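Below is one structure; the comments refer to it alone.
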Amino acid sequence: MKFPMFVELEGKKAVVAGAGAVGSRRIRVLEEFGAEVVVVSPEISDSVKTLWQSGRVKWEKRAVEQRDLSGAFLVVAATDSREVNHQVGEWCAREGIFVNVADKKEECSFYFPGIARAGALTAGVTAGGTDHRLAAGAAEEIRKLFRETYGEGAPDKKKGNGC
């Protein structure tokens with residue numbers, strides 16, 4: 001069981017090893033939340049290529065190496081190789097870096113939640129790394145609730161930040 005927390009990603013280095021379907025989704029979310037995303041992959045998807053060409057992410061066109069993790073706040077291991085993903089997870093564990101190893105919840109120190117956002121409100125839903133569709137469905141229901149309650153946007157921040 002993981003402790004749910006919200007962290008500041010703005011300006012923090014996030015390394016994503018692999019830019020296939022899973023890596024591409026993670027890259028978009030990390031970039032959306034302000035992380036300085038470094039993609040390390042011999043190939044990238046069209047959507048990641050667009051982010052790279054616009055300067056919104058960096059791309060190292062090669063296989064991931066341990067040195068790529070230097071200074072990283074978090075890492076996503078989402079290559080097509082189970083062995084490489086496992087190795088990245090081990091590097092991160094040794095260095096105390098948060099890591100998400102695609103499809104291996106027991107090797108993750110954090111999960112990507114299903115996300116619902118409206119104005120100042122953000123909700124994250126996880127099914128403990130076991131059922132991504134369940135978490136995504138629950139997040140969609142929360143988005144509907146936000147829309148029904150607040151229309152297109154939730155109230156802006158008020159005094160106090162809940163910290």
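Residue numbers start at 1 in each chain; chains themselves are named A, B, ... in the order of the structure tokens; ligands are numbered from 1 in the order shown.
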
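Within 10 Å of Gly23 in chain A, once only C-alpha atoms are used and residues closer than 3 positions along the same chain are dropped, the contacting residues are Val16, Ala17, Gly18, Ala19, Gly20, Arg26, Ile27, Arg28, Val39, Ser41, Ile44, Ser45, Val48, Val76, Ala77, Ala78, Thr79, Asp80 and Ala102 of chain A.
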
Write out, as a PDB file, in the first residue's frame, the residues just selected, with N, CA, C and O atoms.
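The result, stored in result_2.pdb:
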```pdb
ATOM      1  N   VAL A  16      12.527   9.453 -18.275  1.00  0.00           N
ATOM      2  CA  VAL A  16      11.656   8.389 -18.772  1.00  0.00           C
ATOM      3  C   VAL A  16      12.465   7.546 -19.739  1.00  0.00           C
ATOM      4  O   VAL A  16      12.904   8.038 -20.781  1.00  0.00           O
ATOM      5  N   ALA A  17      12.683   6.292 -19.365  1.00  0.00           N
ATOM      6  CA  ALA A  17      13.387   5.340 -20.219  1.00  0.00           C
ATOM      7  C   ALA A  17      12.339   4.602 -21.041  1.00  0.00           C
ATOM      8  O   ALA A  17      11.514   3.879 -20.500  1.00  0.00           O
ATOM      9  N   GLY A  18      12.337   4.856 -22.345  1.00  0.00           N
ATOM     10  CA  GLY A  18      11.341   4.245 -23.220  1.00  0.00           C
ATOM     11  C   GLY A  18      10.261   5.239 -23.584  1.00  0.00           C
ATOM     12  O   GLY A  18       9.816   6.019 -22.743  1.00  0.00           O
ATOM     13  N   ALA A  19       9.884   5.243 -24.861  1.00  0.00           N
ATOM     14  CA  ALA A  19       8.871   6.203 -25.324  1.00  0.00           C
ATOM     15  C   ALA A  19       7.868   5.532 -26.234  1.00  0.00           C
ATOM     16  O   ALA A  19       7.435   6.086 -27.233  1.00  0.00           O
ATOM     17  N   GLY A  20       7.489   4.310 -25.872  1.00  0.00           N
ATOM     18  CA  GLY A  20       6.398   3.630 -26.570  1.00  0.00           C
ATOM     19  C   GLY A  20       5.079   4.108 -25.999  1.00  0.00           C
ATOM     20  O   GLY A  20       4.981   5.231 -25.477  1.00  0.00           O
ATOM     21  N   ARG A  26       3.171   8.595 -19.836  1.00  0.00           N
ATOM     22  CA  ARG A  26       3.835   9.115 -18.640  1.00  0.00           C
ATOM     23  C   ARG A  26       4.538  10.448 -18.947  1.00  0.00           C
ATOM     24  O   ARG A  26       4.521  11.369 -18.141  1.00  0.00           O
ATOM     25  N   ILE A  27       5.170  10.526 -20.105  1.00  0.00           N
ATOM     26  CA  ILE A  27       5.869  11.745 -20.516  1.00  0.00           C
ATOM     27  C   ILE A  27       4.893  12.915 -20.576  1.00  0.00           C
ATOM     28  O   ILE A  27       5.173  13.997 -20.065  1.00  0.00           O
ATOM     29  N   ARG A  28       3.722  12.701 -21.184  1.00  0.00           N
ATOM     30  CA  ARG A  28       2.734  13.777 -21.303  1.00  0.00           C
ATOM     31  C   ARG A  28       2.270  14.271 -19.937  1.00  0.00           C
ATOM     32  O   ARG A  28       2.140  15.472 -19.704  1.00  0.00           O
ATOM     33  N   VAL A  39      13.820  12.210 -21.930  1.00  0.00           N
ATOM     34  CA  VAL A  39      13.451  10.914 -22.501  1.00  0.00           C
ATOM     35  C   VAL A  39      14.722  10.246 -23.004  1.00  0.00           C
ATOM     36  O   VAL A  39      15.492  10.854 -23.750  1.00  0.00           O
ATOM     37  N   SER A  41      15.679   7.020 -25.086  1.00  0.00           N
ATOM     38  CA  SER A  41      15.103   5.940 -25.883  1.00  0.00           C
ATOM     39  C   SER A  41      15.647   6.031 -27.306  1.00  0.00           C
ATOM     40  O   SER A  41      15.749   7.137 -27.851  1.00  0.00           O
ATOM     41  N   ILE A  44      11.169   7.315 -30.479  1.00  0.00           N
ATOM     42  CA  ILE A  44      10.084   7.950 -29.736  1.00  0.00           C
ATOM     43  C   ILE A  44       8.826   7.964 -30.595  1.00  0.00           C
ATOM     44  O   ILE A  44       8.887   7.939 -31.821  1.00  0.00           O
ATOM     45  N   SER A  45       7.689   8.017 -29.924  1.00  0.00           N
ATOM     46  CA  SER A  45       6.405   8.076 -30.618  1.00  0.00           C
ATOM     47  C   SER A  45       6.222   9.451 -31.261  1.00  0.00           C
ATOM     48  O   SER A  45       6.935  10.409 -30.927  1.00  0.00           O
ATOM     49  N   VAL A  48       5.509  12.185 -28.647  1.00  0.00           N
ATOM     50  CA  VAL A  48       6.701  12.610 -27.912  1.00  0.00           C
ATOM     51  C   VAL A  48       7.607  13.424 -28.836  1.00  0.00           C
ATOM     52  O   VAL A  48       8.215  14.408 -28.409  1.00  0.00           O
ATOM     53  N   VAL A  76      10.877   6.887 -14.718  1.00  0.00           N
ATOM     54  CA  VAL A  76       9.916   5.913 -15.228  1.00  0.00           C
ATOM     55  C   VAL A  76      10.685   4.944 -16.116  1.00  0.00           C
ATOM     56  O   VAL A  76      11.374   5.365 -17.042  1.00  0.00           O
ATOM     57  N   ALA A  77      10.583   3.660 -15.816  1.00  0.00           N
ATOM     58  CA  ALA A  77      11.200   2.617 -16.632  1.00  0.00           C
ATOM     59  C   ALA A  77      10.096   1.977 -17.466  1.00  0.00           C
ATOM     60  O   ALA A  77       9.286   1.211 -16.952  1.00  0.00           O
ATOM     61  N   ALA A  78      10.043   2.338 -18.742  1.00  0.00           N
ATOM     62  CA  ALA A  78       8.946   1.880 -19.617  1.00  0.00           C
ATOM     63  C   ALA A  78       9.485   1.439 -20.968  1.00  0.00           C
ATOM     64  O   ALA A  78       8.883   1.722 -22.003  1.00  0.00           O
ATOM     65  N   THR A  79      10.623   0.743 -20.968  1.00  0.00           N
ATOM     66  CA  THR A  79      11.156   0.237 -22.229  1.00  0.00           C
ATOM     67  C   THR A  79      10.426  -1.048 -22.604  1.00  0.00           C
ATOM     68  O   THR A  79       9.608  -1.559 -21.831  1.00  0.00           O
ATOM     69  N   ASP A  80      10.742  -1.588 -23.759  1.00  0.00           N
ATOM     70  CA  ASP A  80      10.161  -2.863 -24.176  1.00  0.00           C
ATOM     71  C   ASP A  80      10.891  -4.056 -23.566  1.00  0.00           C
ATOM     72  O   ASP A  80      10.497  -5.192 -23.778  1.00  0.00           O
ATOM     73  N   ALA A 102       7.191   0.045 -15.296  1.00  0.00           N
ATOM     74  CA  ALA A 102       5.958  -0.296 -16.014  1.00  0.00           C
ATOM     75  C   ALA A 102       5.556  -1.750 -15.778  1.00  0.00           C
ATOM     76  O   ALA A 102       6.360  -2.663 -15.950  1.00  0.00           O
TER      77      ALA A 102
END
```

### Message
If we count only C-alpha atoms and set the cut-off at 8 Å, which residues sit around range 130-139 of chain A, ignoring sequence neighbours fewer than 3 positions away in its own chain? Please answer as a VMD selection string.
### Response
chain A and resid 105 113 to 116 123 to 127 142 to 143

Would you export the selected residues with N, CA, C and O atoms as a PDB file, in the first residue's frame, please?
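After the write, out-v8.pdb holds the following:
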```pdb
ATOM      1  N   LYS A 105       4.301  -3.653 -10.317  1.00  0.00           N
ATOM      2  CA  LYS A 105       3.981  -2.847  -9.140  1.00  0.00           C
ATOM      3  C   LYS A 105       4.901  -3.116  -7.968  1.00  0.00           C
ATOM      4  O   LYS A 105       5.214  -2.217  -7.197  1.00  0.00           O
ATOM      5  N   PRO A 113      -1.360   7.901 -10.758  1.00  0.00           N
ATOM      6  CA  PRO A 113      -2.791   7.795 -10.497  1.00  0.00           C
ATOM      7  C   PRO A 113      -3.616   8.156 -11.731  1.00  0.00           C
ATOM      8  O   PRO A 113      -3.111   8.784 -12.667  1.00  0.00           O
ATOM      9  N   GLY A 114      -4.868   7.763 -11.695  1.00  0.00           N
ATOM     10  CA  GLY A 114      -5.839   8.348 -12.603  1.00  0.00           C
ATOM     11  C   GLY A 114      -6.054   9.758 -12.083  1.00  0.00           C
ATOM     12  O   GLY A 114      -6.200   9.953 -10.874  1.00  0.00           O
ATOM     13  N   ILE A 115      -6.049  10.754 -12.944  1.00  0.00           N
ATOM     14  CA  ILE A 115      -6.072  12.149 -12.501  1.00  0.00           C
ATOM     15  C   ILE A 115      -7.363  12.837 -12.936  1.00  0.00           C
ATOM     16  O   ILE A 115      -7.786  12.711 -14.079  1.00  0.00           O
ATOM     17  N   ALA A 116      -7.946  13.571 -11.994  1.00  0.00           N
ATOM     18  CA  ALA A 116      -9.105  14.416 -12.276  1.00  0.00           C
ATOM     19  C   ALA A 116      -8.744  15.822 -11.826  1.00  0.00           C
ATOM     20  O   ALA A 116      -8.320  16.018 -10.686  1.00  0.00           O
ATOM     21  N   ALA A 123      -7.523  15.536  -8.064  1.00  0.00           N
ATOM     22  CA  ALA A 123      -7.712  14.268  -7.359  1.00  0.00           C
ATOM     23  C   ALA A 123      -6.929  13.198  -8.099  1.00  0.00           C
ATOM     24  O   ALA A 123      -6.898  13.181  -9.331  1.00  0.00           O
ATOM     25  N   GLY A 124      -6.293  12.331  -7.340  1.00  0.00           N
ATOM     26  CA  GLY A 124      -5.569  11.211  -7.915  1.00  0.00           C
ATOM     27  C   GLY A 124      -6.146   9.920  -7.368  1.00  0.00           C
ATOM     28  O   GLY A 124      -6.407   9.816  -6.172  1.00  0.00           O
ATOM     29  N   VAL A 125      -6.343   8.938  -8.244  1.00  0.00           N
ATOM     30  CA  VAL A 125      -6.947   7.671  -7.845  1.00  0.00           C
ATOM     31  C   VAL A 125      -6.035   6.533  -8.273  1.00  0.00           C
ATOM     32  O   VAL A 125      -5.568   6.492  -9.411  1.00  0.00           O
ATOM     33  N   THR A 126      -5.778   5.622  -7.360  1.00  0.00           N
ATOM     34  CA  THR A 126      -5.004   4.442  -7.703  1.00  0.00           C
ATOM     35  C   THR A 126      -5.723   3.191  -7.214  1.00  0.00           C
ATOM     36  O   THR A 126      -6.487   3.243  -6.245  1.00  0.00           O
ATOM     37  N   ALA A 127      -5.468   2.095  -7.890  1.00  0.00           N
ATOM     38  CA  ALA A 127      -5.985   0.794  -7.476  1.00  0.00           C
ATOM     39  C   ALA A 127      -4.805  -0.061  -6.999  1.00  0.00           C
ATOM     40  O   ALA A 127      -4.758  -1.263  -7.234  1.00  0.00           O
ATOM     41  N   ILE A 142     -14.916  11.081 -11.026  1.00  0.00           N
ATOM     42  CA  ILE A 142     -14.602  12.280 -10.243  1.00  0.00           C
ATOM     43  C   ILE A 142     -14.613  13.508 -11.145  1.00  0.00           C
ATOM     44  O   ILE A 142     -15.113  14.565 -10.758  1.00  0.00           O
ATOM     45  N   ARG A 143     -14.084  13.385 -12.372  1.00  0.00           N
ATOM     46  CA  ARG A 143     -14.144  14.513 -13.318  1.00  0.00           C
ATOM     47  C   ARG A 143     -15.593  14.907 -13.583  1.00  0.00           C
ATOM     48  O   ARG A 143     -15.920  16.097 -13.627  1.00  0.00           O
TER      49      ARG A 143
END
```

### DSSP-assigned strand (DSSP E or B) among range 14-160 of chain A, expressed as a ChimeraX atom specification
/A:14-17,36-40,58-60,74-77,98-101,114-118,121-125

### Query
With only C-alpha atoms as the basis for distance, which of A:Val15, A:Val99, A:Ala35, A:Val7 is at the shortest distance from Leu69 in chain A?
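Looking at the shortest contact to Leu69 in chain A, the residue is A:Val15.
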
### Message
Among range 31-153 of chain A, which ones does DSSP assign to helix (DSSP H, G or I) (computed from the backbone)? Answer as a PyMOL selection string.
### Response
chain A and resi 31-32+46-53+66-69+82-95+105-107+132-150

Writer output for current selection, C-alpha atoms, as an mmCIF file, in the first residue's frame:
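Generated file (result_29.cif):
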```
data_model
loop_
_atom_site.group_PDB
_atom_site.id
_atom_site.type_symbol
_atom_site.label_atom_id
_atom_site.label_comp_id
_atom_site.auth_asym_id
_atom_site.auth_seq_id
_atom_site.Cartn_x
_atom_site.Cartn_y
_atom_site.Cartn_z
ATOM 1 C CA GLU A 31 5.357 17.481 -18.772
ATOM 2 C CA GLU A 32 1.846 18.733 -18.017
ATOM 3 C CA ASP A 46 4.979 10.837 -32.802
ATOM 4 C CA SER A 47 3.374 12.541 -29.780
ATOM 5 C CA VAL A 48 6.701 12.610 -27.912
ATOM 6 C CA LYS A 49 8.464 13.781 -31.068
ATOM 7 C CA THR A 50 6.093 16.771 -31.151
ATOM 8 C CA LEU A 51 6.940 17.595 -27.503
ATOM 9 C CA TRP A 52 10.666 17.262 -28.269
ATOM 10 C CA GLN A 53 10.503 19.391 -31.417
ATOM 11 C CA GLN A 66 22.891 4.636 -15.035
ATOM 12 C CA ARG A 67 24.450 8.080 -15.501
ATOM 13 C CA ASP A 68 21.133 9.312 -16.988
ATOM 14 C CA LEU A 69 19.604 9.138 -13.507
ATOM 15 C CA ARG A 82 11.796 -6.361 -18.887
ATOM 16 C CA GLU A 83 15.499 -6.732 -18.041
ATOM 17 C CA VAL A 84 16.270 -3.063 -18.736
ATOM 18 C CA ASN A 85 13.237 -1.901 -16.736
ATOM 19 C CA HIS A 86 14.314 -4.090 -13.816
ATOM 20 C CA GLN A 87 17.877 -2.736 -13.988
ATOM 21 C CA VAL A 88 16.636 0.864 -13.987
ATOM 22 C CA GLY A 89 14.475 0.040 -10.975
ATOM 23 C CA GLU A 90 17.479 -1.374 -9.129
ATOM 24 C CA TRP A 91 19.601 1.693 -9.919
ATOM 25 C CA CYS A 92 16.872 3.946 -8.564
ATOM 26 C CA ALA A 93 16.390 1.846 -5.428
ATOM 27 C CA ARG A 94 20.113 2.087 -4.655
ATOM 28 C CA GLU A 95 20.121 5.859 -5.215
ATOM 29 C CA LYS A 105 3.981 -2.847 -9.140
ATOM 30 C CA GLU A 106 6.262 -4.653 -6.702
ATOM 31 C CA GLU A 107 9.244 -2.761 -8.180
ATOM 32 C CA HIS A 132 -5.239 0.809 -14.342
ATOM 33 C CA ARG A 133 -8.691 0.701 -15.964
ATOM 34 C CA LEU A 134 -10.425 0.747 -12.583
ATOM 35 C CA ALA A 135 -8.394 3.792 -11.483
ATOM 36 C CA ALA A 136 -8.996 5.558 -14.816
ATOM 37 C CA GLY A 137 -12.735 4.851 -14.565
ATOM 38 C CA ALA A 138 -12.882 6.200 -11.014
ATOM 39 C CA ALA A 139 -10.967 9.328 -12.089
ATOM 40 C CA GLU A 140 -13.470 9.856 -14.907
ATOM 41 C CA GLU A 141 -16.339 9.658 -12.403
ATOM 42 C CA ILE A 142 -14.602 12.280 -10.243
ATOM 43 C CA ARG A 143 -14.144 14.513 -13.318
ATOM 44 C CA LYS A 144 -17.905 14.204 -13.943
ATOM 45 C CA LEU A 145 -18.585 15.153 -10.326
ATOM 46 C CA PHE A 146 -16.280 18.165 -10.644
ATOM 47 C CA ARG A 147 -18.093 19.278 -13.830
ATOM 48 C CA GLU A 148 -21.539 18.755 -12.284
ATOM 49 C CA THR A 149 -20.565 20.605 -9.102
ATOM 50 C CA TYR A 150 -18.353 23.365 -10.479
#
```

### One-decimal distance in Å that lies between CA of Gly129 in chain A and CA of Cys108 in chain A
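Separating CA of Cys108 in chain A from CA of Gly129 in chain A is a distance of 8.7 Å.
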
### Query
Given the choices A:Leu74, A:Leu30, A:Ala63, A:Gly128, which gets closest to Glu10 in chain A if the distance is worked out from only C-alpha atoms?
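Closest to Glu10 in chain A, using only C-alpha atoms: A:Leu30.
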
### Message
Could you list, as a list in words, every residue within 8 Å of Phe73 in chain A, counting only C-alpha atoms and ignoring same-chain residues fewer than 3 positions away?
### Response
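Here the answer would be Lys12, Lys13, Ala14, Ile97 and Phe98 of chain A.
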
### Message
If we count only C-alpha atoms and set the cut-off at 9 Å, which residues sit around Phe3 in chain A, ignoring sequence neighbours fewer than 2 positions away in its own chain? Please answer as a PyMOL selection string.
### Response
chain A and resi 1+5+110

Take the residues from that selection and put them in a file with N, CA, C and O atoms, as an mmCIF file, in the first residue's frame.
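Result file again_10.cif:
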```
data_model
loop_
_atom_site.group_PDB
_atom_site.id
_atom_site.type_symbol
_atom_site.label_atom_id
_atom_site.label_comp_id
_atom_site.auth_asym_id
_atom_site.auth_seq_id
_atom_site.Cartn_x
_atom_site.Cartn_y
_atom_site.Cartn_z
ATOM 1 N N MET A 1 0.847 -1.177 0.000
ATOM 2 C CA MET A 1 0.000 0.000 0.000
ATOM 3 C C MET A 1 0.892 1.240 0.000
ATOM 4 O O MET A 1 1.837 1.319 0.760
ATOM 5 N N MET A 5 0.289 11.154 -1.881
ATOM 6 C CA MET A 5 0.772 12.500 -1.625
ATOM 7 C C MET A 5 0.879 13.249 -2.944
ATOM 8 O O MET A 5 0.990 12.645 -4.004
ATOM 9 N N PHE A 110 6.472 4.425 -6.557
ATOM 10 C CA PHE A 110 5.277 5.256 -6.700
ATOM 11 C C PHE A 110 4.468 4.759 -7.891
ATOM 12 O O PHE A 110 4.986 4.090 -8.770
#
```

### Task
Report the distance between CA of Val38 in chain A and CA of Lys61 in chain A in Å, rounded to one decimal place.
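Interatomic distance here is 10.6 Å.
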
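Our summary of the geometry notes that CA of Val75 in chain A is positioned 25.4 Å from CA of Leu121 in chain A.
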